[in-house]
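Asker: Shown below is the structure under consideration.
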Amino acid sequence: MSRPQRIEFEGAYYHVMNRGRGREDIFRSPEHFDAFLGVLSDAVQRFGLVVHAYCLMTNHYHILVSTPQGNLQRAMRHIGGVYTQHYNRLQNTDGSLFKGRYKAILIDSDEYLLHLSKYIHNNPLEAKMVESLANYRWSSYPSYIGKVKAQSWLTRAEVYDQLSGKRAKQKHYRTYVEDQNLSAEVSAFYSKQRFAQILGADDFKEMIAAQHAEPSIEVPRNDRLGVKPSIEKIVAMVAQDYNCDEASLLVVQRGRGLKNFPRKVAMYLVQRIGDCKLTEIALLQ
């Protein structure tokens with residue numbers, strides 16, 4: 001059975017979340033939290049991702065984002081992969097970190113952006129991790145209420161603009177969030193064991209269905225791309241992106257302490273984007 005296709009388009013808004021494999025912690029120290037925020041900042045610069053809110057818990061995370069370039073998969077692949085590298089280095093481990101691919105809920109931002117920021121920011125209180133949300137430092141909430149200086153990559157204007165009042169936005173937002181009562185629609189949506197792929201009114205869902213119809217049978221990767229890039233082209237592009245020699249991507253390095261992240265990226269792209277056979281990928285082995 002094929003997995004549902006991601007709905008991606010320029011200007012889309014998403015509530016993105018993922019958790020540790022086996023519900024294990026993915027953030028074990030301040031260094032882990034800082035590393036993830038650093039990767040998130042890099043994704044903003046590299047992929048044009050717009051971060052409207054976030055909350056990092058011990059074994060999962062929530063991010064409220066929009067994608068002006070329609071490239072959520074690329075951005076999240078970068079975030080998940082690079083943070084896993086940071087985590088493994090900090091813990092002196094290796095292997096996968098997350099339960100699986102991230103969950104991305106496409107949202108009608110006009111109706112739910114403000115409500116979802118409230119839902120995301122209330123997570124530490126719901127989990128009884130703090131008595132006051134203002135004291136939870138691994139969330140964008142302290143920045144929203146002016147307790148700490150906001151990161152340069154955090155965008156708050158759109159959420160603020162959905163408040164009913166136009167003045168004293170930080171104070172007004174604090175009152176709104178700490179009221180804790182979620183909208184009935186948001187509460188009903190997240191109370192289900194399996195979330196739907198879209199959070200929005202019927203007309204929003206109909207518009208998405210009309211503009212981004214999903215075929216009944218998943219289209220092969222190379223058919224969606226039209227032309228399958230060659231191994232040589234992928235290697236050349238990765239070498240250029242990581243500012244390294246193409247030859248270094250073809251060299252096998254053995255030993256636990258040896259790292260060649262660009263090579264891993266090249267091998268991943270050869271298999272996924274190039275859709276190459278194992279016999280072809282063996283050229284990189």
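Naming scheme: A, B, ... for chains in displayed order of the structure tokens; residues 1 onward per chain; ligands 1 onward as shown.
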Any idea what's packed within 6 Å of A:Tyr14, counting only C-alpha atoms, ignoring anything in its chain fewer than 2 positions away? Could you give it as a VMD selection string?
Answerer: chain A and resid 16 64 to 65 104 to 107
Asker: Hey, can you spit out that residue selection with N, CA, C and O atoms as a short mmCIF file (atom, residue, chain, number, x, y, z; two decimals), in the first residue's frame?
Answerer:
```cif
data_model
loop_
_atom_site.label_atom_id
_atom_site.label_comp_id
_atom_site.auth_asym_id
_atom_site.auth_seq_id
_atom_site.Cartn_x
_atom_site.Cartn_y
_atom_site.Cartn_z
N VAL A 16 3.56 20.74 11.72
CA VAL A 16 4.47 19.62 11.53
C VAL A 16 4.88 19.07 12.89
O VAL A 16 5.18 19.84 13.82
N LEU A 64 4.95 25.14 13.60
CA LEU A 64 3.92 25.75 12.76
C LEU A 64 4.66 26.55 11.69
O LEU A 64 5.33 27.53 12.00
N VAL A 65 4.57 26.11 10.44
CA VAL A 65 5.38 26.69 9.38
C VAL A 65 4.55 27.00 8.14
O VAL A 65 3.45 26.47 7.96
N ALA A 104 2.57 15.97 8.80
CA ALA A 104 2.34 17.34 8.37
C ALA A 104 0.86 17.53 8.10
O ALA A 104 0.30 16.89 7.21
N ILE A 105 0.22 18.40 8.85
CA ILE A 105 -1.20 18.70 8.67
C ILE A 105 -1.31 20.02 7.92
O ILE A 105 -0.84 21.06 8.40
N LEU A 106 -1.88 19.98 6.74
CA LEU A 106 -2.10 21.20 5.96
C LEU A 106 -3.25 21.97 6.59
O LEU A 106 -4.31 21.39 6.87
N ILE A 107 -3.05 23.26 6.84
CA ILE A 107 -4.07 24.02 7.57
C ILE A 107 -4.56 25.22 6.77
O ILE A 107 -3.83 25.79 5.95
#
```
Asker: What's the 6 Å shell around A:Thr58, counting only C-alpha atoms, without same-chain residues fewer than 2 positions away, as a VMD selection string?
Answerer: chain A and resid 25 27 60
Asker: Check which residues of stretch 25-60 of chain A sit at most 10 Å from stretch 146-160 of chain A using only C-alpha atoms, and return one row each with the closest pair of atoms and their distance in Å to one decimal, ordered by chain and rising number, as a Markdown table.
Answerer:
```
| residue | atom | partner | partner_atom | distance |
| --- | --- | --- | --- | --- |
| A:Leu37 | CA | A:Gln151 | CA | 9.7 |
| A:Leu40 | CA | A:Trp153 | CA | 8.7 |
| A:Ser41 | CA | A:Trp153 | CA | 6.1 |
| A:Asp42 | CA | A:Trp153 | CA | 9.1 |
| A:Ala43 | CA | A:Trp153 | CA | 9.6 |
| A:Val44 | CA | A:Trp153 | CA | 6.7 |
| A:Gln45 | CA | A:Trp153 | CA | 8.2 |
| A:Leu49 | CA | A:Trp153 | CA | 9.2 |
| A:Val50 | CA | A:Thr155 | CA | 6.8 |
| A:Val51 | CA | A:Leu154 | CA | 5.5 |
| A:His52 | CA | A:Thr155 | CA | 5.0 |
| A:Ala53 | CA | A:Leu154 | CA | 7.2 |
| A:Tyr54 | CA | A:Leu154 | CA | 9.1 |
```
Asker: Using N, CA, C and O atoms, can you export the residues from the last selection as a PDB file, in the first residue's frame?
Answerer:
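The resulting result.pdb:
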```pdb
ATOM      1  N   LEU A  37      17.224  23.884  17.352  1.00  0.00           N
ATOM      2  CA  LEU A  37      16.866  25.252  16.978  1.00  0.00           C
ATOM      3  C   LEU A  37      17.852  25.814  15.963  1.00  0.00           C
ATOM      4  O   LEU A  37      17.471  26.583  15.078  1.00  0.00           O
ATOM      5  N   LEU A  40      16.827  24.386  12.698  1.00  0.00           N
ATOM      6  CA  LEU A  40      15.611  25.059  12.251  1.00  0.00           C
ATOM      7  C   LEU A  40      15.944  26.432  11.657  1.00  0.00           C
ATOM      8  O   LEU A  40      15.414  26.816  10.606  1.00  0.00           O
ATOM      9  N   SER A  41      16.841  27.145  12.297  1.00  0.00           N
ATOM     10  CA  SER A  41      17.300  28.435  11.787  1.00  0.00           C
ATOM     11  C   SER A  41      17.951  28.279  10.420  1.00  0.00           C
ATOM     12  O   SER A  41      17.720  29.073   9.492  1.00  0.00           O
ATOM     13  N   ASP A  42      18.750  27.246  10.276  1.00  0.00           N
ATOM     14  CA  ASP A  42      19.419  26.978   9.000  1.00  0.00           C
ATOM     15  C   ASP A  42      18.399  26.673   7.903  1.00  0.00           C
ATOM     16  O   ASP A  42      18.565  27.094   6.750  1.00  0.00           O
ATOM     17  N   ALA A  43      17.325  25.965   8.247  1.00  0.00           N
ATOM     18  CA  ALA A  43      16.293  25.639   7.263  1.00  0.00           C
ATOM     19  C   ALA A  43      15.573  26.892   6.786  1.00  0.00           C
ATOM     20  O   ALA A  43      15.152  26.978   5.626  1.00  0.00           O
ATOM     21  N   VAL A  44      15.421  27.864   7.683  1.00  0.00           N
ATOM     22  CA  VAL A  44      14.806  29.134   7.292  1.00  0.00           C
ATOM     23  C   VAL A  44      15.668  29.826   6.241  1.00  0.00           C
ATOM     24  O   VAL A  44      15.166  30.321   5.224  1.00  0.00           O
ATOM     25  N   GLN A  45      16.976  29.854   6.463  1.00  0.00           N
ATOM     26  CA  GLN A  45      17.893  30.503   5.530  1.00  0.00           C
ATOM     27  C   GLN A  45      18.035  29.711   4.231  1.00  0.00           C
ATOM     28  O   GLN A  45      18.080  30.293   3.148  1.00  0.00           O
ATOM     29  N   LEU A  49      11.955  28.566   4.566  1.00  0.00           N
ATOM     30  CA  LEU A  49      10.890  28.152   5.481  1.00  0.00           C
ATOM     31  C   LEU A  49      10.523  29.326   6.400  1.00  0.00           C
ATOM     32  O   LEU A  49      11.388  30.077   6.835  1.00  0.00           O
ATOM     33  N   VAL A  50       9.239  29.478   6.689  1.00  0.00           N
ATOM     34  CA  VAL A  50       8.773  30.511   7.612  1.00  0.00           C
ATOM     35  C   VAL A  50       8.244  29.817   8.863  1.00  0.00           C
ATOM     36  O   VAL A  50       7.293  29.028   8.781  1.00  0.00           O
ATOM     37  N   VAL A  51       8.859  30.079  10.004  1.00  0.00           N
ATOM     38  CA  VAL A  51       8.464  29.453  11.262  1.00  0.00           C
ATOM     39  C   VAL A  51       7.600  30.437  12.047  1.00  0.00           C
ATOM     40  O   VAL A  51       8.050  31.516  12.419  1.00  0.00           O
ATOM     41  N   HIS A  52       6.351  30.040  12.296  1.00  0.00           N
ATOM     42  CA  HIS A  52       5.414  30.902  13.009  1.00  0.00           C
ATOM     43  C   HIS A  52       5.347  30.567  14.497  1.00  0.00           C
ATOM     44  O   HIS A  52       5.023  31.445  15.312  1.00  0.00           O
ATOM     45  N   ALA A  53       5.621  29.334  14.859  1.00  0.00           N
ATOM     46  CA  ALA A  53       5.604  28.922  16.265  1.00  0.00           C
ATOM     47  C   ALA A  53       6.271  27.562  16.372  1.00  0.00           C
ATOM     48  O   ALA A  53       6.318  26.804  15.395  1.00  0.00           O
ATOM     49  N   TYR A  54       6.773  27.242  17.560  1.00  0.00           N
ATOM     50  CA  TYR A  54       7.362  25.927  17.787  1.00  0.00           C
ATOM     51  C   TYR A  54       7.286  25.584  19.266  1.00  0.00           C
ATOM     52  O   TYR A  54       7.167  26.474  20.129  1.00  0.00           O
TER      53      TYR A  54
END
```
Asker: Measuring atom to atom with only C-alpha atoms, identify which of A:Arg21, A:Arg77, A:Arg6, A:Lys233 is nearest to A:Lys99.
Answerer: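 Smallest separation from A:Lys99 among the options: A:Arg21.
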Asker: So how many Å separate atom CA of A:Lys103 and atom CA of A:His15, to one decimal?
Answerer: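 It comes out at 8.1 Å.
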Asker: Select, from A:Arg137, A:Lys264, A:His121, A:Arg19, the residue with the minimum atom-to-atom distance to A:Tyr61, counting only C-alpha atoms.
Answerer: A:Arg19
Asker: What's the 6 Å shell around A:Phe36, counting only C-alpha atoms, without same-chain residues fewer than 3 positions away, as an MDAnalysis selection string?
Answerer: chainID A and resid 33 39 83
Asker: For the alpha helix (DSSP H) assignment from backbone DSSP, which residues of stretch 7-105 of chain A qualify? Please present them as a VMD selection string.
Answerer: chain A and resid 30 to 47 72 to 91
Asker: Hey, which of A:Pro262, A:Gly38, A:Gly200, A:Pro229 ends up closest to A:Asp241? Count only C-alpha atoms.
Answerer: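 The answer is A:Pro262, which sits nearest to A:Asp241.
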Asker: Tell me, in Å to one decimal, how far atom CA of A:Ala35 is from atom CA of A:Ser132.
Answerer: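 Separation between atom CA of A:Ala35 and atom CA of A:Ser132: 24.4 Å.
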